[in-house]
$ cat protein.cif   # mmCIF, C-alpha atoms
data_model
loop_
_atom_site.label_atom_id
_atom_site.label_comp_id
_atom_site.auth_asym_id
_atom_site.auth_seq_id
_atom_site.Cartn_x
_atom_site.Cartn_y
_atom_site.Cartn_z
CA MET A 216 -24.07 -2.47 8.16
CA THR A 217 -20.68 -0.76 7.97
CA THR A 218 -17.38 -2.11 9.20
CA PRO A 219 -15.99 -0.19 12.19
CA GLY A 220 -13.38 2.34 11.11
CA LEU A 221 -14.48 2.51 7.45
CA GLU A 222 -15.61 5.80 6.01
CA ILE A 223 -19.05 5.47 4.43
CA ASN A 224 -18.17 7.48 1.30
CA THR A 225 -14.66 6.20 0.58
CA PHE A 226 -14.12 6.30 -3.17
CA ILE A 227 -11.70 6.92 -6.00
CA THR A 228 -12.52 8.11 -9.53
CA LEU A 229 -10.26 6.63 -12.20
CA TYR A 230 -9.74 8.21 -15.64
CA GLU A 231 -8.47 6.69 -18.89
CA GLU A 232 -6.37 9.70 -19.84
CA ARG A 233 -4.03 12.09 -18.07
CA ASN A 234 -5.49 15.25 -16.51
CA PHE A 235 -8.82 13.55 -15.67
CA GLN A 236 -9.85 13.13 -19.30
CA GLY A 237 -11.57 10.29 -21.14
CA ARG A 238 -13.94 7.75 -19.68
CA SER A 239 -14.09 7.46 -15.92
CA TYR A 240 -14.97 4.82 -13.37
CA GLU A 241 -15.91 5.43 -9.74
CA CYS A 242 -14.70 2.74 -7.38
CA MET A 243 -15.77 2.34 -3.74
CA SER A 244 -14.01 -0.94 -2.90
CA ASP A 245 -11.23 -3.23 -4.08
CA CYS A 246 -11.01 -3.75 -7.85
CA SER A 247 -8.64 -6.44 -9.11
CA ASP A 248 -8.87 -5.42 -12.79
CA PHE A 249 -10.14 -2.20 -14.40
CA SER A 250 -10.09 -3.59 -17.96
CA SER A 251 -13.85 -4.20 -18.10
CA TYR A 252 -14.45 -0.53 -17.23
CA LEU A 253 -11.48 1.34 -18.75
CA SER A 254 -8.96 0.53 -21.49
CA ARG A 255 -6.25 2.04 -19.28
CA CYS A 256 -6.01 4.33 -16.25
CA GLN A 257 -3.62 7.29 -16.30
CA SER A 258 -5.05 9.68 -13.67
CA CYS A 259 -7.37 9.64 -10.66
CA ARG A 260 -9.03 11.63 -7.93
CA VAL A 261 -9.27 10.20 -4.44
CA GLU A 262 -12.41 11.82 -3.07
CA SER A 263 -12.05 10.35 0.41
CA GLY A 264 -10.17 7.62 2.21
CA CYS A 265 -6.93 5.93 1.16
CA PHE A 266 -6.15 3.46 -1.62
CA MET A 267 -3.22 1.44 -2.91
CA VAL A 268 -3.01 1.42 -6.70
CA TYR A 269 -1.13 -1.30 -8.55
CA GLU A 270 0.70 -1.36 -11.84
CA ARG A 271 -0.84 -4.72 -12.84
CA SER A 272 -4.12 -6.53 -12.28
CA SER A 273 -4.74 -8.75 -9.23
CA TYR A 274 -2.92 -6.28 -6.96
CA THR A 275 0.53 -7.03 -8.39
CA GLY A 276 3.45 -5.01 -9.66
CA ASN A 277 4.66 -1.72 -8.25
CA GLN A 278 2.32 -0.14 -5.74
CA PHE A 279 1.61 3.43 -4.79
CA PHE A 280 -0.22 4.83 -1.75
CA MET A 281 -2.87 7.44 -2.50
CA ARG A 282 -4.68 9.60 -0.01
CA ARG A 283 -7.33 12.23 -0.68
CA GLY A 284 -6.21 14.40 -3.58
CA GLU A 285 -5.75 14.66 -7.33
CA TYR A 286 -3.21 12.66 -9.33
CA SER A 287 -3.19 14.04 -12.87
CA ASP A 288 -0.39 12.00 -14.48
CA PHE A 289 0.82 8.61 -13.24
CA MET A 290 3.81 8.67 -15.61
CA ARG A 291 5.20 11.80 -13.90
CA MET A 292 4.78 10.07 -10.54
CA GLY A 293 6.90 7.13 -11.65
CA LEU A 294 3.98 4.70 -11.85
CA GLY A 295 4.41 3.88 -15.53
CA ASP A 296 1.79 4.66 -18.12
CA SER A 297 -1.19 3.05 -16.38
CA ILE A 298 -2.50 1.28 -13.30
CA ARG A 299 -4.65 -1.85 -13.46
CA SER A 300 -6.03 -2.50 -9.95
CA CYS A 301 -6.67 -0.80 -6.61
CA ARG A 302 -7.33 -1.75 -3.02
CA MET A 303 -9.24 0.35 -0.50
CA ILE A 304 -7.41 0.71 2.81
CA PRO A 305 -9.75 0.65 5.80
CA MET A 306 -8.97 3.27 8.41
CA HIS A 307 -7.76 1.82 11.68
CA ARG A 308 -8.23 3.75 14.89
CA GLY A 309 -6.46 2.11 17.75
CA THR A 310 -3.16 0.47 18.46
CA PHE A 311 -0.78 -0.84 15.80
CA ARG A 312 1.20 -4.04 16.21
CA MET A 313 3.32 -6.06 13.81
CA ARG A 314 6.05 -8.68 14.13
CA ILE A 315 8.73 -8.63 11.45
CA TYR A 316 11.03 -11.56 10.73
CA GLU A 317 14.44 -11.66 9.14
CA ARG A 318 13.58 -14.67 6.94
CA GLU A 319 10.58 -16.19 5.21
CA ASN A 320 8.09 -18.35 7.15
CA PHE A 321 8.56 -16.36 10.36
CA SER A 322 12.11 -17.49 11.00
CA GLY A 323 15.32 -15.74 11.95
CA GLN A 324 15.47 -12.69 14.17
CA MET A 325 12.02 -11.36 15.19
CA THR A 326 11.09 -7.85 16.34
CA GLU A 327 7.73 -6.43 17.34
CA LEU A 328 6.78 -2.92 16.24
CA MET A 329 4.04 -0.64 17.50
CA ASP A 330 5.18 2.55 15.77
CA ASP A 331 6.93 3.74 12.61
CA CYS A 332 10.48 2.57 11.97
CA GLU A 333 12.78 4.70 9.78
CA SER A 334 15.47 2.01 9.48
CA ILE A 335 15.29 -1.60 10.65
CA GLN A 336 19.05 -1.90 10.12
CA GLU A 337 19.84 0.97 12.50
CA ARG A 338 17.07 0.44 15.04
CA TYR A 339 17.02 -3.35 15.33
CA ARG A 340 20.28 -4.45 13.67
CA MET A 341 18.24 -6.61 11.29
CA SER A 342 19.85 -7.24 7.94
CA ASP A 343 16.59 -8.00 6.15
CA CYS A 344 12.84 -8.49 6.61
CA GLN A 345 11.22 -11.23 4.54
CA SER A 346 7.99 -12.04 6.42
CA CYS A 347 5.66 -10.47 8.96
CA ASN A 348 2.57 -10.96 11.06
CA VAL A 349 0.34 -7.90 11.26
CA MET A 350 -1.77 -8.18 14.39
CA GLU A 351 -3.29 -4.67 14.41
CA GLY A 352 -3.47 -1.86 11.89
CA HIS A 353 -2.44 -1.38 8.28
CA TRP A 354 1.19 -0.68 7.34
CA LEU A 355 3.36 0.49 4.44
CA MET A 356 6.79 -1.12 4.02
CA TYR A 357 9.52 0.62 2.01
CA GLU A 358 12.62 -0.65 0.24
CA GLN A 359 14.82 2.20 1.52
CA PRO A 360 15.31 3.77 4.94
CA HIS A 361 13.33 6.90 5.84
CA PHE A 362 10.20 5.76 3.96
CA ARG A 363 11.68 6.09 0.47
CA GLY A 364 11.68 3.93 -2.63
CA ARG A 365 9.15 1.34 -3.71
CA MET A 366 6.49 0.43 -1.19
CA MET A 367 4.31 -2.50 -0.23
CA TYR A 368 1.00 -2.48 1.66
CA VAL A 369 0.45 -5.12 4.36
CA MET A 370 -2.92 -5.64 6.01
CA PRO A 371 -3.69 -7.64 9.16
CA GLY A 372 -2.73 -11.28 8.78
CA ASP A 373 0.20 -13.61 8.21
CA HIS A 374 2.56 -12.71 5.38
CA ARG A 375 4.92 -15.72 5.16
CA SER A 376 6.92 -14.60 2.14
CA PHE A 377 7.12 -11.19 0.50
CA ARG A 378 8.63 -12.92 -2.53
CA ASP A 379 5.49 -15.06 -2.88
CA MET A 380 3.48 -11.84 -2.77
CA GLY A 381 5.38 -10.70 -5.88
CA MET A 382 7.72 -8.33 -4.04
CA THR A 383 11.42 -8.82 -4.68
CA MET A 384 12.55 -5.68 -2.91
CA ARG A 385 14.43 -5.52 0.37
CA ILE A 386 12.44 -3.96 3.25
CA SER A 387 14.28 -1.20 5.13
CA SER A 388 11.58 0.94 6.79
CA MET A 389 7.89 0.80 7.66
CA ARG A 390 5.14 3.16 8.76
CA ARG A 391 1.60 2.91 10.05
CA ILE A 392 -1.29 4.06 7.87
CA MET A 393 -2.97 6.45 10.25
CA ASP A 394 -6.49 7.88 10.07
CA SER A 395 -5.16 11.08 8.49
CA CYS A 396 -6.32 10.12 5.01
#
$ encode --input "protein.cif" --output "structure tokens"
Amino acid sequence: MTTPGLEINTFITLYEERNFQGRSYECMSDCSDFSSYLSRCQSCRVESGCFMVYERSSYTGNQFFMRRGEYSDFMRMGLGDSIRSCRMIPMHRGTFRMRIYERENFSGQMTELMDDCESIQERYRMSDCQSCNVMEGHWLMYEQPHFRGRMMYVMPGDHRSFRDMGMTMRISSMRRIMDSC
């Protein structure tokens, strides 16, 4: 049985070396640590779907959003010399809804979003965003306005503290992950 909204053949092929060289590992779901399959991972091909790749194991460290395509050299992309884990992002078809909060534990000013926001400072006069509740859809949050800088993936659920999730960056913009992967 498949989950509604998931592509049946969603997968990513990971390579030890740049330019799709060396040993490879095909991944069709979340993988918290590649070390049992590859000594390192320096390039990949996303055959279908969307994935978040992480600098460290257990979905920690800097993150990067990858849609269908070829990524021949992570170092040139600013990801460092290797990635260690990845998370498959299920495609969501329907409405998007998220509440963002100025402080941790859902306190301070609260705003509800249903679409992309290029700048929470300009649009909502919020100085910061430190927690959120994602009711519908999957979202990317960015440290700079206009969807620039480091990013963080948030899936449906309560996210009480971005700091506890290992993210020390300030959130300034956010966008929906649409089914255009």
$ residues_around --input "protein.cif" --residues "stretch 292-304 of chain A" --least-positions-apart "6" --cutoff "9 Å" --atoms "only C-alpha atoms" --output "NGL selection string"
:A and (221 or 225-227 or 231 or 242-250 or 255-258 or 264-275 or 277-279 or 286 or 353 or 370 or 392)
$ residues_around --input "protein.cif" --residues "A:Glu317" --least-positions-apart "5" --cutoff "8 Å" --atoms "all atoms listed in the file" --output "PyMOL selection string"
chain A and resi 322-325+341-346
$ atom_distance --input "protein.cif" --atom1 "atom CA of A:Phe321" --atom2 "atom CA of A:Phe377"
11.2 Å
$ atom_distance --input "protein.cif" --atom1 "atom CA of A:Glu241" --atom2 "atom CA of A:Leu229"
6.3 Å
$ atom_distance --input "protein.cif" --atom1 "atom CA of A:Met350" --atom2 "atom CA of A:Asp373"
8.5 Å
$ closest_residue --input "protein.cif" --among "A:Asn348, A:Ser263, A:Thr310, A:Ser239" --to "A:Asp330" --atoms "only C-alpha atoms"
A:Thr310
$ residues_around --input "protein.cif" --residues "A:Asp331" --least-positions-apart "2" --cutoff "8 Å" --atoms "only C-alpha atoms" --output "PDB file with C-alpha atoms, in the frame of the given file"
ATOM      1  CA  LEU A 328       6.780  -2.920  16.240  1.00  0.00           C
ATOM      2  CA  MET A 329       4.040  -0.640  17.500  1.00  0.00           C
ATOM      3  CA  GLU A 333      12.780   4.700   9.780  1.00  0.00           C
ATOM      4  CA  SER A 388      11.580   0.940   6.790  1.00  0.00           C
ATOM      5  CA  MET A 389       7.890   0.800   7.660  1.00  0.00           C
ATOM      6  CA  ARG A 390       5.140   3.160   8.760  1.00  0.00           C
ATOM      7  CA  ARG A 391       1.600   2.910  10.050  1.00  0.00           C
TER       8      ARG A 391
END
$ axis_aligned_box --input "protein.cif" --around "stretch 383-387 of chain A" --padding-each-side "5 Å" --output "AutoDock Vina command-line options"
--center_x 12.9 --center_y -5.0 --center_z 0.2 --size_x 13.0 --size_y 17.6 --size_z 19.8
$ closest_residue --input "protein.cif" --among "A:Met290, A:Leu253, A:Met380, A:Met366" --to "A:Gly237" --atoms "all atoms listed in the file"
A:Leu253
$ residues_around --input "protein.cif" --residues "A:Glu285" --least-positions-apart "4" --cutoff "10 Å" --atoms "only C-alpha atoms" --output "JSON, numbers by chain"
{"A": [227, 228, 234, 235, 258, 259, 260, 261, 262, 281]}
$ closest_residue --input "protein.cif" --among "A:Arg375, A:Arg340, A:Tyr252, A:Glu232" --to "A:Glu319" --atoms "all atoms listed in the file"
A:Arg375
$ residues_around --input "protein.cif" --residues "A:Arg233" --least-positions-apart "3" --cutoff "8 Å" --atoms "only C-alpha atoms" --output "ChimeraX atom specification"
/A:230,236,257-258,287-289
$ build_atoms --input "protein.cif" --residues "stretch 281-292 of chain A" --atoms "all heavy atoms" --output "mmCIF file, in the frame of the given file"
data_model
loop_
_atom_site.group_PDB
_atom_site.id
_atom_site.type_symbol
_atom_site.label_atom_id
_atom_site.label_comp_id
_atom_site.auth_asym_id
_atom_site.auth_seq_id
_atom_site.Cartn_x
_atom_site.Cartn_y
_atom_site.Cartn_z
ATOM 1 N N MET A 281 -2.169 6.216 -2.136
ATOM 2 C CA MET A 281 -2.870 7.440 -2.500
ATOM 3 C C MET A 281 -3.861 7.821 -1.430
ATOM 4 O O MET A 281 -4.688 7.020 -1.040
ATOM 5 C CB MET A 281 -3.593 7.264 -3.830
ATOM 6 C CG MET A 281 -2.651 6.999 -4.955
ATOM 7 S SD MET A 281 -3.464 7.242 -6.511
ATOM 8 C CE MET A 281 -2.047 7.296 -7.564
ATOM 9 N N ARG A 282 -3.715 9.046 -0.971
ATOM 10 C CA ARG A 282 -4.680 9.600 -0.010
ATOM 11 C C ARG A 282 -5.513 10.636 -0.748
ATOM 12 O O ARG A 282 -5.293 10.886 -1.928
ATOM 13 C CB ARG A 282 -3.964 10.183 1.198
ATOM 14 C CG ARG A 282 -3.045 11.351 0.875
ATOM 15 C CD ARG A 282 -2.333 11.916 2.096
ATOM 16 N NE ARG A 282 -1.377 10.957 2.615
ATOM 17 C CZ ARG A 282 -1.330 10.547 3.888
ATOM 18 N NH1 ARG A 282 -2.147 11.041 4.771
ATOM 19 N NH2 ARG A 282 -0.455 9.665 4.275
ATOM 20 N N ARG A 283 -6.449 11.245 -0.057
ATOM 21 C CA ARG A 283 -7.330 12.230 -0.680
ATOM 22 C C ARG A 283 -6.522 13.254 -1.474
ATOM 23 O O ARG A 283 -5.559 13.827 -0.970
ATOM 24 C CB ARG A 283 -8.135 12.925 0.398
ATOM 25 C CG ARG A 283 -9.170 13.820 -0.157
ATOM 26 C CD ARG A 283 -10.015 14.416 0.924
ATOM 27 N NE ARG A 283 -11.001 15.270 0.292
ATOM 28 C CZ ARG A 283 -11.860 16.000 0.929
ATOM 29 N NH1 ARG A 283 -11.877 15.988 2.241
ATOM 30 N NH2 ARG A 283 -12.711 16.733 0.275
ATOM 31 N N GLY A 284 -6.902 13.449 -2.728
ATOM 32 C CA GLY A 284 -6.210 14.400 -3.580
ATOM 33 C C GLY A 284 -6.377 14.074 -5.045
ATOM 34 O O GLY A 284 -7.082 13.138 -5.417
ATOM 35 N N GLU A 285 -5.684 14.837 -5.880
ATOM 36 C CA GLU A 285 -5.750 14.660 -7.330
ATOM 37 C C GLU A 285 -4.391 14.210 -7.851
ATOM 38 O O GLU A 285 -3.363 14.771 -7.471
ATOM 39 C CB GLU A 285 -6.160 15.973 -8.008
ATOM 40 C CG GLU A 285 -7.561 16.400 -7.639
ATOM 41 C CD GLU A 285 -8.047 17.600 -8.433
ATOM 42 O OE1 GLU A 285 -7.212 18.322 -9.029
ATOM 43 O OE2 GLU A 285 -9.270 17.809 -8.472
ATOM 44 N N TYR A 286 -4.415 13.231 -8.745
ATOM 45 C CA TYR A 286 -3.210 12.660 -9.330
ATOM 46 C C TYR A 286 -3.395 12.703 -10.848
ATOM 47 O O TYR A 286 -4.006 11.822 -11.431
ATOM 48 C CB TYR A 286 -3.001 11.236 -8.820
ATOM 49 C CG TYR A 286 -2.926 11.177 -7.304
ATOM 50 C CD1 TYR A 286 -4.071 11.042 -6.526
ATOM 51 C CD2 TYR A 286 -1.709 11.290 -6.657
ATOM 52 C CE1 TYR A 286 -3.994 11.010 -5.140
ATOM 53 C CE2 TYR A 286 -1.614 11.252 -5.271
ATOM 54 C CZ TYR A 286 -2.774 11.116 -4.521
ATOM 55 O OH TYR A 286 -2.701 11.079 -3.148
ATOM 56 N N SER A 287 -2.874 13.754 -11.468
ATOM 57 C CA SER A 287 -3.190 14.040 -12.870
ATOM 58 C C SER A 287 -2.365 13.264 -13.894
ATOM 59 O O SER A 287 -2.754 13.188 -15.050
ATOM 60 C CB SER A 287 -3.042 15.539 -13.140
ATOM 61 O OG SER A 287 -1.694 15.928 -12.943
ATOM 62 N N ASP A 288 -1.247 12.674 -13.501
ATOM 63 C CA ASP A 288 -0.390 12.000 -14.480
ATOM 64 C C ASP A 288 0.472 10.951 -13.779
ATOM 65 O O ASP A 288 1.476 11.269 -13.150
ATOM 66 C CB ASP A 288 0.498 13.027 -15.180
ATOM 67 C CG ASP A 288 1.293 12.449 -16.327
ATOM 68 O OD1 ASP A 288 1.343 11.202 -16.482
ATOM 69 O OD2 ASP A 288 1.886 13.238 -17.081
ATOM 70 N N PHE A 289 0.083 9.695 -13.902
ATOM 71 C CA PHE A 289 0.820 8.610 -13.240
ATOM 72 C C PHE A 289 2.253 8.494 -13.746
ATOM 73 O O PHE A 289 3.152 8.154 -12.999
ATOM 74 C CB PHE A 289 0.105 7.272 -13.409
ATOM 75 C CG PHE A 289 -1.224 7.197 -12.702
ATOM 76 C CD1 PHE A 289 -2.235 6.407 -13.193
ATOM 77 C CD2 PHE A 289 -1.461 7.911 -11.539
ATOM 78 C CE1 PHE A 289 -3.455 6.329 -12.546
ATOM 79 C CE2 PHE A 289 -2.672 7.842 -10.879
ATOM 80 C CZ PHE A 289 -3.677 7.048 -11.393
ATOM 81 N N MET A 290 2.472 8.783 -15.030
ATOM 82 C CA MET A 290 3.810 8.670 -15.610
ATOM 83 C C MET A 290 4.776 9.618 -14.883
ATOM 84 O O MET A 290 5.886 9.231 -14.560
ATOM 85 C CB MET A 290 3.762 9.014 -17.096
ATOM 86 C CG MET A 290 4.997 8.604 -17.813
ATOM 87 S SD MET A 290 4.755 6.952 -18.436
ATOM 88 C CE MET A 290 5.497 7.157 -20.009
ATOM 89 N N ARG A 291 4.349 10.823 -14.602
ATOM 90 C CA ARG A 291 5.200 11.800 -13.900
ATOM 91 C C ARG A 291 5.487 11.374 -12.466
ATOM 92 O O ARG A 291 6.459 11.794 -11.872
ATOM 93 C CB ARG A 291 4.539 13.172 -13.892
ATOM 94 C CG ARG A 291 4.479 13.790 -15.258
ATOM 95 C CD ARG A 291 3.737 15.072 -15.162
ATOM 96 N NE ARG A 291 4.637 16.151 -15.529
ATOM 97 C CZ ARG A 291 4.315 17.408 -15.522
ATOM 98 N NH1 ARG A 291 3.103 17.771 -15.124
ATOM 99 N NH2 ARG A 291 5.171 18.323 -15.890
ATOM 100 N N MET A 292 4.605 10.542 -11.911
ATOM 101 C CA MET A 292 4.780 10.070 -10.540
ATOM 102 C C MET A 292 5.658 8.820 -10.476
ATOM 103 O O MET A 292 5.897 8.300 -9.401
ATOM 104 C CB MET A 292 3.409 9.749 -9.926
ATOM 105 C CG MET A 292 2.518 10.946 -9.775
ATOM 106 S SD MET A 292 0.808 10.543 -9.345
ATOM 107 C CE MET A 292 1.002 9.428 -7.995
#
